[in-house]
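K.L.:
Sending over run.tsv (TSV, C-alpha atoms).
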chain	number	residue	atom	x	y	z
A	1	PHE	CA	-34.67	-28.86	9.70
A	2	LEU	CA	-37.29	-27.24	11.93
A	3	VAL	CA	-34.66	-25.93	14.35
A	4	SER	CA	-32.89	-24.12	11.51
A	5	VAL	CA	-36.01	-22.51	10.01
A	6	ILE	CA	-38.04	-21.68	13.14
A	7	PRO	CA	-36.31	-18.27	13.57
A	8	LEU	CA	-37.14	-17.41	9.95
A	9	ILE	CA	-40.75	-18.56	10.43
A	10	PHE	CA	-41.01	-16.42	13.57
A	11	LEU	CA	-39.65	-13.40	11.68
A	12	ALA	CA	-42.14	-14.03	8.86
A	13	VAL	CA	-45.01	-14.11	11.36
A	14	ILE	CA	-43.86	-10.80	12.90
A	15	LEU	CA	-43.66	-9.25	9.43
A	16	CYS	CA	-47.22	-10.34	8.64
A	17	ILE	CA	-48.98	-8.99	11.73
A	18	ASP	CA	-49.94	-5.48	12.74
A	19	VAL	CA	-47.33	-4.29	15.24
A	20	SER	CA	-48.67	-0.76	15.60
A	21	ARG	CA	-50.04	-1.57	19.07
A	22	VAL	CA	-47.01	-3.50	20.26
A	23	ASP	CA	-45.58	-1.98	23.45
A	24	TYR	CA	-41.92	-1.65	22.45
A	25	ALA	CA	-40.91	-0.25	25.85
A	26	PHE	CA	-42.42	-3.30	27.59
A	27	ILE	CA	-40.57	-5.65	25.25
A	28	VAL	CA	-37.25	-3.84	25.78
A	29	ARG	CA	-37.54	-3.85	29.58
A	30	THR	CA	-38.69	-7.48	29.67
A	31	MET	CA	-35.81	-8.56	27.43
A	32	SER	CA	-33.31	-6.56	29.48
A	33	SER	CA	-34.62	-8.05	32.73
A	34	MET	CA	-34.44	-11.59	31.35
A	35	VAL	CA	-30.88	-11.06	30.12
A	36	ALA	CA	-29.88	-9.72	33.55
A	37	ILE	CA	-31.54	-12.68	35.30
A	38	MET	CA	-29.93	-15.17	32.89
A	39	SER	CA	-26.50	-13.61	33.49
A	40	LEU	CA	-27.08	-13.75	37.25
A	41	ILE	CA	-27.92	-17.45	36.94
A	42	LEU	CA	-24.65	-18.00	35.06
A	43	MET	CA	-22.77	-16.25	37.86
A	44	THR	CA	-24.63	-18.29	40.49
A	45	ASN	CA	-23.71	-21.44	38.60
A	46	LEU	CA	-20.02	-20.50	38.88
A	47	VAL	CA	-20.34	-19.86	42.62
A	48	VAL	CA	-22.07	-23.22	43.15
A	49	ARG	CA	-19.31	-25.01	41.21
A	50	ALA	CA	-16.76	-23.28	43.47
A	51	ASN	CA	-18.49	-24.73	46.56
A	52	TYR	CA	-20.17	-21.39	47.26
A	53	ASP	CA	-16.86	-19.56	47.57
A	54	PHE	CA	-17.41	-16.30	45.69
A	55	ALA	CA	-13.73	-15.34	45.80
A	56	ILE	CA	-12.63	-18.62	44.18
A	57	ALA	CA	-15.41	-18.37	41.58
A	58	ILE	CA	-14.33	-14.86	40.58
A	59	ASP	CA	-10.64	-15.75	40.63
A	60	GLY	CA	-11.25	-18.53	38.10
A	61	LEU	CA	-13.57	-16.47	35.92
A	62	GLN	CA	-12.24	-15.20	32.61
A	63	ARG	CA	-15.29	-15.20	30.31
A	64	LEU	CA	-18.87	-15.39	31.55
A	65	GLY	CA	-20.55	-18.21	29.65
A	66	LEU	CA	-18.84	-21.04	27.84
A	67	ALA	CA	-17.39	-21.14	24.32
A	68	SER	CA	-17.19	-24.44	22.47
A	69	GLU	CA	-13.69	-25.63	21.61
A	70	ASN	CA	-14.47	-26.22	17.95
A	71	SER	CA	-17.04	-23.58	17.08
A	72	GLU	CA	-18.80	-20.56	18.41
A	73	ASN	CA	-22.19	-22.24	18.55
A	74	ASP	CA	-24.71	-19.73	19.85
A	75	THR	CA	-27.18	-22.25	21.28
A	76	MET	CA	-27.78	-22.20	25.02
A	77	LEU	CA	-27.28	-25.63	26.61
A	78	GLY	CA	-27.54	-26.45	30.30
A	79	GLY	CA	-27.36	-22.86	31.48
A	80	LEU	CA	-24.25	-22.11	29.39
A	81	ILE	CA	-23.94	-19.72	26.47
A	82	ASN	CA	-21.22	-18.54	24.14
A	83	PRO	CA	-19.65	-15.39	25.69
A	84	ASN	CA	-19.76	-13.49	22.39
A	85	SER	CA	-23.47	-14.26	22.09
A	86	LEU	CA	-24.18	-13.06	25.62
A	87	GLY	CA	-22.19	-9.90	24.99
A	88	ILE	CA	-24.15	-9.01	21.85
A	89	ILE	CA	-27.48	-9.73	23.56
A	90	CYS	CA	-26.43	-7.33	26.33
A	91	VAL	CA	-25.60	-4.66	23.73
A	92	LEU	CA	-28.95	-5.09	21.95
A	93	SER	CA	-30.85	-4.86	25.24
A	94	ALA	CA	-28.88	-1.77	26.28
A	95	THR	CA	-29.61	-0.22	22.88
A	96	GLY	CA	-33.33	-0.58	23.44
A	97	LEU	CA	-33.10	1.06	26.87
A	98	LEU	CA	-31.14	4.00	25.45
A	99	GLN	CA	-33.58	4.34	22.56
A	100	LEU	CA	-36.32	4.89	25.15
A	101	ARG	CA	-34.18	7.52	26.84
A	102	ALA	CA	-33.53	9.32	23.56
A	103	VAL	CA	-37.27	9.96	23.12
A	104	GLY	CA	-38.05	10.68	26.77
A	105	GLY	CA	-39.62	7.32	27.56
A	106	ASN	CA	-37.06	6.10	30.10
A	107	ARG	CA	-37.54	5.28	33.78
A	108	SER	CA	-35.13	5.29	36.70
A	109	ILE	CA	-34.98	1.47	36.69
A	110	ASP	CA	-33.62	1.61	33.13
A	111	TYR	CA	-30.30	3.07	34.31
A	112	LEU	CA	-29.90	0.27	36.86
A	113	LEU	CA	-30.65	-2.32	34.18
A	114	LEU	CA	-28.20	-0.60	31.85
A	115	ILE	CA	-25.35	-0.77	34.38
A	116	ILE	CA	-26.12	-4.43	35.13
A	117	LEU	CA	-26.09	-5.27	31.41
A	118	LEU	CA	-22.78	-3.47	30.89
A	119	VAL	CA	-21.19	-5.26	33.85
A	120	PHE	CA	-22.30	-8.70	32.65
A	121	GLY	CA	-21.39	-7.84	29.06
A	122	THR	CA	-17.90	-6.85	30.19
A	123	LEU	CA	-17.61	-10.12	32.13
A	124	THR	CA	-17.85	-11.98	28.81
A	125	SER	CA	-14.44	-10.46	27.86
A	126	SER	CA	-15.76	-10.35	24.30
A	127	ARG	CA	-13.98	-8.06	21.88
A	128	THR	CA	-17.04	-8.20	19.63
A	129	PHE	CA	-19.07	-6.89	22.57
A	130	PHE	CA	-16.66	-3.98	22.99
A	131	VAL	CA	-16.69	-3.05	19.29
A	132	CYS	CA	-20.50	-3.20	19.10
A	133	LEU	CA	-20.81	-1.27	22.37
A	134	VAL	CA	-18.61	1.55	21.05
A	135	LEU	CA	-20.56	1.52	17.77
A	136	MET	CA	-23.82	1.71	19.73
A	137	GLY	CA	-22.59	4.73	21.69
A	138	ILE	CA	-21.46	6.59	18.56
A	139	LEU	CA	-24.72	5.88	16.72
A	140	LEU	CA	-26.85	6.90	19.70
A	141	VAL	CA	-25.08	10.24	20.06
A	142	MET	CA	-25.42	10.86	16.32
A	143	ALA	CA	-29.09	9.82	16.36
A	144	GLN	CA	-30.08	11.74	19.50
A	145	PRO	CA	-32.98	14.02	18.51
A	146	GLY	CA	-32.47	17.67	19.28
A	147	ASP	CA	-29.61	20.13	19.27
A	148	LEU	CA	-25.98	19.76	20.35
A	149	ARG	CA	-26.92	20.41	23.97
A	150	LYS	CA	-29.11	17.30	24.05
A	151	LYS	CA	-26.44	15.25	22.32
A	152	GLY	CA	-23.98	16.48	24.94
A	153	ARG	CA	-26.32	15.45	27.75
A	154	LEU	CA	-26.56	11.95	26.27
A	155	LEU	CA	-22.78	11.75	25.91
A	156	ALA	CA	-22.40	12.83	29.53
A	157	ALA	CA	-24.94	10.20	30.67
A	158	LEU	CA	-23.14	7.48	28.70
A	159	THR	CA	-19.81	8.57	30.18
A	160	LEU	CA	-21.22	8.48	33.71
A	161	VAL	CA	-22.69	4.99	33.21
A	162	THR	CA	-19.36	3.80	31.77
A	163	VAL	CA	-17.40	5.19	34.72
A	164	ILE	CA	-19.76	3.57	37.23
A	165	THR	CA	-19.47	0.25	35.36
A	166	LEU	CA	-15.65	0.41	35.37
A	167	ILE	CA	-15.61	1.23	39.09
A	168	LEU	CA	-17.85	-1.77	39.82
A	169	MET	CA	-15.72	-4.01	37.60
A	170	ASN	CA	-12.50	-2.90	39.27
A	171	TRP	CA	-14.04	-3.40	42.71
A	172	LEU	CA	-15.77	-6.75	42.17
A	173	PHE	CA	-13.89	-8.35	39.26
A	174	PRO	CA	-10.37	-6.88	38.99
A	175	SER	CA	-8.86	-10.08	37.55
A	176	VAL	CA	-11.51	-10.25	34.81
A	177	LEU	CA	-10.93	-6.61	33.87
A	178	GLU	CA	-7.18	-7.23	33.66
A	179	TYR	CA	-7.72	-10.32	31.50
A	180	TYR	CA	-10.12	-8.40	29.25
A	181	ILE	CA	-7.64	-5.59	28.68
A	182	GLY	CA	-4.95	-8.16	27.95
A	183	ARG	CA	-7.05	-9.68	25.15
A	184	PHE	CA	-6.58	-6.49	23.12
A	185	ALA	CA	-2.80	-6.82	23.44
A	186	GLU	CA	-2.67	-10.27	21.82
A	187	GLU	CA	-0.58	-10.60	18.67
A	188	ASP	CA	-3.50	-12.01	16.65
A	189	ILE	CA	-6.40	-9.83	17.74
A	190	THR	CA	-8.68	-11.49	15.16
A	191	THR	CA	-8.10	-14.93	16.81
A	192	GLY	CA	-7.73	-16.55	13.39
A	193	ARG	CA	-10.76	-14.94	11.73
A	194	ASP	CA	-8.61	-13.51	8.93
A	195	THR	CA	-7.32	-17.00	8.11
A	196	LEU	CA	-10.87	-18.37	8.15
A	197	MET	CA	-12.09	-15.66	5.78
A	198	THR	CA	-9.25	-16.43	3.36
A	199	ALA	CA	-9.94	-20.17	3.49
A	200	TYR	CA	-13.67	-19.79	2.84
A	201	HIS	CA	-13.11	-17.21	0.13
A	202	ARG	CA	-10.94	-19.73	-1.73
A	203	PHE	CA	-13.49	-22.48	-1.09
A	204	ILE	CA	-16.26	-20.36	-2.65
A	205	VAL	CA	-14.21	-19.13	-5.61
A	206	ASP	CA	-12.77	-22.59	-6.43
A	207	ASN	CA	-16.16	-24.35	-6.33
A	208	LEU	CA	-18.77	-22.89	-8.67
A	209	ASP	CA	-21.43	-25.31	-7.39
A	210	VAL	CA	-20.92	-23.91	-3.89
A	211	MET	CA	-20.97	-20.33	-5.19
A	212	PHE	CA	-24.32	-20.78	-6.93
A	213	SER	CA	-26.12	-23.41	-4.82
A	214	GLY	CA	-24.21	-23.73	-1.54
A	215	VAL	CA	-23.73	-26.88	0.53
A	216	GLY	CA	-27.08	-26.64	2.29
A	217	LEU	CA	-27.88	-25.76	5.86
A	218	GLN	CA	-28.43	-29.31	7.08
A	219	ASN	CA	-25.31	-30.88	8.69
A	220	PHE	CA	-23.58	-27.59	7.88
A	221	GLY	CA	-20.70	-28.07	10.30
A	222	THR	CA	-20.09	-31.71	9.40
A	223	LYS	CA	-19.94	-30.94	5.68
A	224	LEU	CA	-17.45	-28.09	6.05
A	225	LEU	CA	-15.21	-29.46	8.80
A	226	VAL	CA	-15.27	-33.20	8.05
A	227	GLU	CA	-16.37	-33.76	4.46
A	228	TYR	CA	-14.79	-30.78	2.68
A	229	ARG	CA	-12.20	-29.98	5.40
A	230	VAL	CA	-12.25	-26.30	4.48
A	231	ALA	CA	-10.84	-25.04	7.77
A	232	HIS	CA	-10.63	-25.82	11.46
A	233	ASN	CA	-13.78	-23.83	12.20
A	234	LEU	CA	-17.06	-22.66	10.65
A	235	PRO	CA	-17.25	-19.35	8.74
A	236	HIS	CA	-16.97	-16.33	11.00
A	237	ASN	CA	-18.40	-13.91	8.48
A	238	GLY	CA	-22.15	-13.75	7.98
A	239	PHE	CA	-22.02	-12.99	4.25
A	240	GLN	CA	-19.58	-15.82	3.55
A	241	GLU	CA	-21.74	-18.13	5.64
A	242	LEU	CA	-24.82	-17.25	3.59
A	243	ILE	CA	-23.05	-17.98	0.30
A	244	VAL	CA	-21.51	-21.23	1.59
A	245	ALA	CA	-24.90	-22.42	2.86
A	246	TRP	CA	-27.26	-21.20	0.11
A	247	GLY	CA	-25.04	-19.80	-2.62
A	248	ILE	CA	-25.39	-16.40	-4.25
A	249	PRO	CA	-29.19	-16.88	-4.73
A	250	GLY	CA	-29.56	-17.35	-0.96
A	251	PHE	CA	-27.41	-14.28	-0.33
A	252	VAL	CA	-29.60	-12.21	-2.66
A	253	LEU	CA	-32.75	-13.52	-0.98
A	254	PHE	CA	-31.44	-12.48	2.44
A	255	ILE	CA	-30.67	-8.98	1.15
A	256	LEU	CA	-34.22	-8.82	-0.23
A	257	LEU	CA	-35.52	-9.93	3.18
A	258	CYS	CA	-33.69	-7.03	4.83
A	259	VAL	CA	-35.05	-4.59	2.25
A	260	PHE	CA	-38.57	-5.98	2.77
A	261	MET	CA	-38.21	-5.50	6.54
A	262	VAL	CA	-37.47	-1.80	6.01
A	263	LEU	CA	-40.27	-1.33	3.47
A	264	ARG	CA	-42.78	-3.25	5.58
A	265	SER	CA	-41.93	-1.22	8.68
A	266	ARG	CA	-42.77	1.98	6.79
A	267	LYS	CA	-46.43	0.99	6.90
A	268	THR	CA	-46.25	1.52	10.66
A	269	ASN	CA	-43.58	4.22	10.80
A	270	LYS	CA	-43.07	6.37	7.72
A	271	ASP	CA	-40.48	8.64	9.34
A	272	HIS	CA	-37.38	6.50	9.81
A	273	ILE	CA	-34.41	8.11	11.53
A	274	LEU	CA	-31.00	6.71	12.43
A	275	LEU	CA	-32.31	5.75	15.88
A	276	ASN	CA	-34.59	3.15	14.29
A	277	PHE	CA	-31.73	1.39	12.50
A	278	ILE	CA	-29.26	0.99	15.38
A	279	PRO	CA	-30.21	-2.62	16.41
A	280	PHE	CA	-30.17	-3.64	12.73
A	281	ILE	CA	-26.73	-2.06	12.19
A	282	ILE	CA	-25.35	-3.77	15.31
A	283	ILE	CA	-26.61	-7.17	14.15
A	284	LEU	CA	-25.02	-6.78	10.72
A	285	THR	CA	-21.77	-5.48	12.24
A	286	LYS	CA	-21.60	-8.41	14.65
A	287	SER	CA	-22.20	-10.79	11.74
A	288	MET	CA	-19.05	-9.56	10.01
A	289	ALA	CA	-17.03	-11.36	12.70
A	290	GLY	CA	-19.45	-14.16	13.57
A	291	GLN	CA	-22.35	-16.28	12.41
A	292	LEU	CA	-25.61	-15.02	10.96
A	293	LEU	CA	-27.69	-17.74	9.33
A	294	THR	CA	-26.61	-20.53	11.68
A	295	SER	CA	-26.82	-18.29	14.76
A	296	HIS	CA	-30.38	-18.74	15.99
A	297	TYR	CA	-30.29	-15.85	18.43
A	298	THR	CA	-29.06	-13.55	15.65
A	299	MET	CA	-31.93	-14.54	13.37
A	300	LEU	CA	-34.37	-14.00	16.24
A	301	ALA	CA	-32.76	-10.63	16.89
A	302	LEU	CA	-33.84	-9.56	13.40
A	303	ALA	CA	-37.42	-9.56	14.72
A	304	TYR	CA	-36.24	-7.23	17.51
A	305	ALA	CA	-34.60	-4.99	14.90
A	306	TYR	CA	-37.82	-4.97	12.88
A	307	LEU	CA	-39.83	-3.79	15.90
A	308	SER	CA	-37.29	-1.00	16.33
A	309	LEU	CA	-37.82	0.02	12.70
A	310	CYS	CA	-41.57	0.20	13.35
A	311	GLN	CA	-41.28	2.64	16.28
A	312	ASP	CA	-41.92	6.35	15.92
A	313	PHE	CA	-38.84	7.93	17.46
A	314	GLN	CA	-39.49	11.37	16.05
A	315	PRO	CA	-39.46	14.07	18.76
A	316	LYS	CA	-42.92	15.12	19.89
A	317	ASP	CA	-43.91	18.36	21.54
A	318	GLY	CA	-43.00	18.29	25.21
A	319	ARG	CA	-41.45	14.82	25.01
A	320	ASN	CA	-37.79	15.70	24.52
Using the file provided, produce a representation of the structure as structure tokens.
P.N.:
Amino acid sequence: FLVSVIPLIFLAVILCIDVSRVDYAFIVRTMSSMVAIMSLILMTNLVVRANYDFAIAIDGLQRLGLASENSENDTMLGGLINPNSLGIICVLSATGLLQLRAVGGNRSIDYLLLIILLVFGTLTSSRTFFVCLVLMGILLVMAQPGDLRKKGRLLAALTLVTVITLILMNWLFPSVLEYYIGRFAEEDITTGRDTLMTAYHRFIVDNLDVMFSGVGLQNFGTKLLVEYRVAHNLPHNGFQELIVAWGIPGFVLFILLCVFMVLRSRKTNKDHILLNFIPFIIILTKSMAGQLLTSHYTMLALAYAYLSLCQDFQPKDGRN
């Protein structure tokens, strides 16, 4: 029970404290550094398992991290993590670094961290990572303060970073890049998510008790996969997952939580712009093809999104 509610408790604590003096740039750089170090440890783990033969380790690499056979559990265990989870964490970290750049608060080290995050994110071969990365780029260009010239400079910087990342990938990990490209050519690009959505939609509609009260969050996987036998996997849509777990009342409460996050952040930052909402939009977009309530890192990421909402990203004289 505690494991499932700790992320919500943490978010509640963040919402109740004064974050006006929180150093967002420090948090972003620390998070990005930790993600880069964690990814490096995962790579080192592969090399060690290959008897310290880097070539063999890379040749056998398809997705950095490890996905469970039966579910996309986002919990880190023994130095392993779901590739989709790692990919989204890389996108969120990169978003923070580019937010700093958009308001003139970036440093040279940020570009190095950004390239490292993009390389490791690409090594996950996650299609969700790619979709969220493209979404991030579009939103950042749209949200860039200033005129078209400044938006063009950002687009040029993003293009340059992308080209450098692709060159590094083709040089160091050509087999991974080929495998990644091949994933987009598969016949079922949703990897069964459309079937899952249909199955859980029928489960919700055909069971009014589930629709209005849910099955509960405890033993969530066992109830759905073993007791009810709804499908071969857990829901891969955050909204469906909320209704299955807590019913429509729980879904409404989560929407109210999101609204409260925005309203609460206005006490610190009254001038919201699109730049503030990008991490929040990425989290919700990711949740359309993955877990939300049962994904602990996603619930923790809501605190990160809240801090982004609290930042003043409005252009200041001489800063942009």
K.L.:
Please, what distance in Å, to one decimal, runs between atom CA of Thr195 of chain A and atom CA of Thr128 of chain A?
P.N.:
17.5 Å
K.L.:
Counting all atoms listed in the file, figure out which residue out of A:Leu64, A:Ala55, A:Leu140, A:Val161 gets nearest to Leu100 of chain A.
P.N.:
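Answer, going by the shortest atom-to-atom distance: A:Leu140.
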K.L.:
If you count all atoms listed in the file, which residues fall within 9 Å of segment 20-22 of chain A, apart from same-chain ones fewer than 3 positions away, as a PyMOL selection string?
P.N.:
chain A and resi 25-27+268-269+307+310-311
K.L.:
Could you save the residues just selected, with C-alpha atoms, as a PDB file, in the frame of the given file?
P.N.:
ATOM      1  CA  ALA A  25     -40.910  -0.250  25.850  1.00  0.00           C
ATOM      2  CA  PHE A  26     -42.420  -3.300  27.590  1.00  0.00           C
ATOM      3  CA  ILE A  27     -40.570  -5.650  25.250  1.00  0.00           C
ATOM      4  CA  THR A 268     -46.250   1.520  10.660  1.00  0.00           C
ATOM      5  CA  ASN A 269     -43.580   4.220  10.800  1.00  0.00           C
ATOM      6  CA  LEU A 307     -39.830  -3.790  15.900  1.00  0.00           C
ATOM      7  CA  CYS A 310     -41.570   0.200  13.350  1.00  0.00           C
ATOM      8  CA  GLN A 311     -41.280   2.640  16.280  1.00  0.00           C
TER       9      GLN A 311
END
K.L.:
Kindly give the distance, in Å, that separates atom CA of Asp206 of chain A and atom CA of Leu256 of chain A, rounded to a single decimal.
P.N.:
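The value is 26.2 Å.
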K.L.:
Excluding Gly238 of chain A and its own-chain neighbours fewer than 3 positions away, which residues fall within 7 Å of it when counting all atoms listed in the file? Please give them as a ChimeraX atom specification.
P.N.:
/A:241-242,287-288,290-293
K.L.:
Got a sec: who's within 8 Å of segment 174-183 of chain A, counting all atoms listed in the file, leaving out chain neighbours fewer than 4 positions off, as a list in words?
P.N.:
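The residues that qualify are Ile58, Asp59, Leu61, Gln62, Arg63, Thr122, Leu123, Ser125, Ser126, Arg127, Met169, Asn170 and Ile189 of chain A.
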K.L.:
What is the atom CA of Ala36 of chain A-atom CA of Val13 of chain A distance in Å, reported with one decimal?
P.N.:
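Going from atom CA of Ala36 of chain A over to atom CA of Val13 of chain A covers 27.2 Å.
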K.L.:
If we count only C-alpha atoms, what is near segment 222-233 of chain A at a cut-off of 12 Å, once residues fewer than 5 positions away on the same chain are taken out, given as a PDB file with C-alpha atoms, in the frame of the given file?
P.N.:
ATOM      1  CA  SER A  68     -17.190 -24.440  22.470  1.00  0.00           C
ATOM      2  CA  GLU A  69     -13.690 -25.630  21.610  1.00  0.00           C
ATOM      3  CA  ASN A  70     -14.470 -26.220  17.950  1.00  0.00           C
ATOM      4  CA  SER A  71     -17.040 -23.580  17.080  1.00  0.00           C
ATOM      5  CA  GLU A  72     -18.800 -20.560  18.410  1.00  0.00           C
ATOM      6  CA  ASN A  73     -22.190 -22.240  18.550  1.00  0.00           C
ATOM      7  CA  THR A 191      -8.100 -14.930  16.810  1.00  0.00           C
ATOM      8  CA  GLY A 192      -7.730 -16.550  13.390  1.00  0.00           C
ATOM      9  CA  ARG A 193     -10.760 -14.940  11.730  1.00  0.00           C
ATOM     10  CA  ASP A 194      -8.610 -13.510   8.930  1.00  0.00           C
ATOM     11  CA  THR A 195      -7.320 -17.000   8.110  1.00  0.00           C
ATOM     12  CA  LEU A 196     -10.870 -18.370   8.150  1.00  0.00           C
ATOM     13  CA  MET A 197     -12.090 -15.660   5.780  1.00  0.00           C
ATOM     14  CA  THR A 198      -9.250 -16.430   3.360  1.00  0.00           C
ATOM     15  CA  ALA A 199      -9.940 -20.170   3.490  1.00  0.00           C
ATOM     16  CA  TYR A 200     -13.670 -19.790   2.840  1.00  0.00           C
ATOM     17  CA  HIS A 201     -13.110 -17.210   0.130  1.00  0.00           C
ATOM     18  CA  ARG A 202     -10.940 -19.730  -1.730  1.00  0.00           C
ATOM     19  CA  PHE A 203     -13.490 -22.480  -1.090  1.00  0.00           C
ATOM     20  CA  ILE A 204     -16.260 -20.360  -2.650  1.00  0.00           C
ATOM     21  CA  ASP A 206     -12.770 -22.590  -6.430  1.00  0.00           C
ATOM     22  CA  ASN A 207     -16.160 -24.350  -6.330  1.00  0.00           C
ATOM     23  CA  VAL A 210     -20.920 -23.910  -3.890  1.00  0.00           C
ATOM     24  CA  GLY A 214     -24.210 -23.730  -1.540  1.00  0.00           C
ATOM     25  CA  VAL A 215     -23.730 -26.880   0.530  1.00  0.00           C
ATOM     26  CA  GLY A 216     -27.080 -26.640   2.290  1.00  0.00           C
ATOM     27  CA  LEU A 217     -27.880 -25.760   5.860  1.00  0.00           C
ATOM     28  CA  GLU A 241     -21.740 -18.130   5.640  1.00  0.00           C
ATOM     29  CA  VAL A 244     -21.510 -21.230   1.590  1.00  0.00           C
ATOM     30  CA  ALA A 245     -24.900 -22.420   2.860  1.00  0.00           C
ATOM     31  CA  GLY A 290     -19.450 -14.160  13.570  1.00  0.00           C
ATOM     32  CA  GLN A 291     -22.350 -16.280  12.410  1.00  0.00           C
TER      33      GLN A 291
END
K.L.:
Using only C-alpha atoms, find the one residue out of A:Pro279, A:Phe212, A:Ile109, A:Phe10 that sits nearest to Cys90 of chain A.
P.N.:
A:Pro279
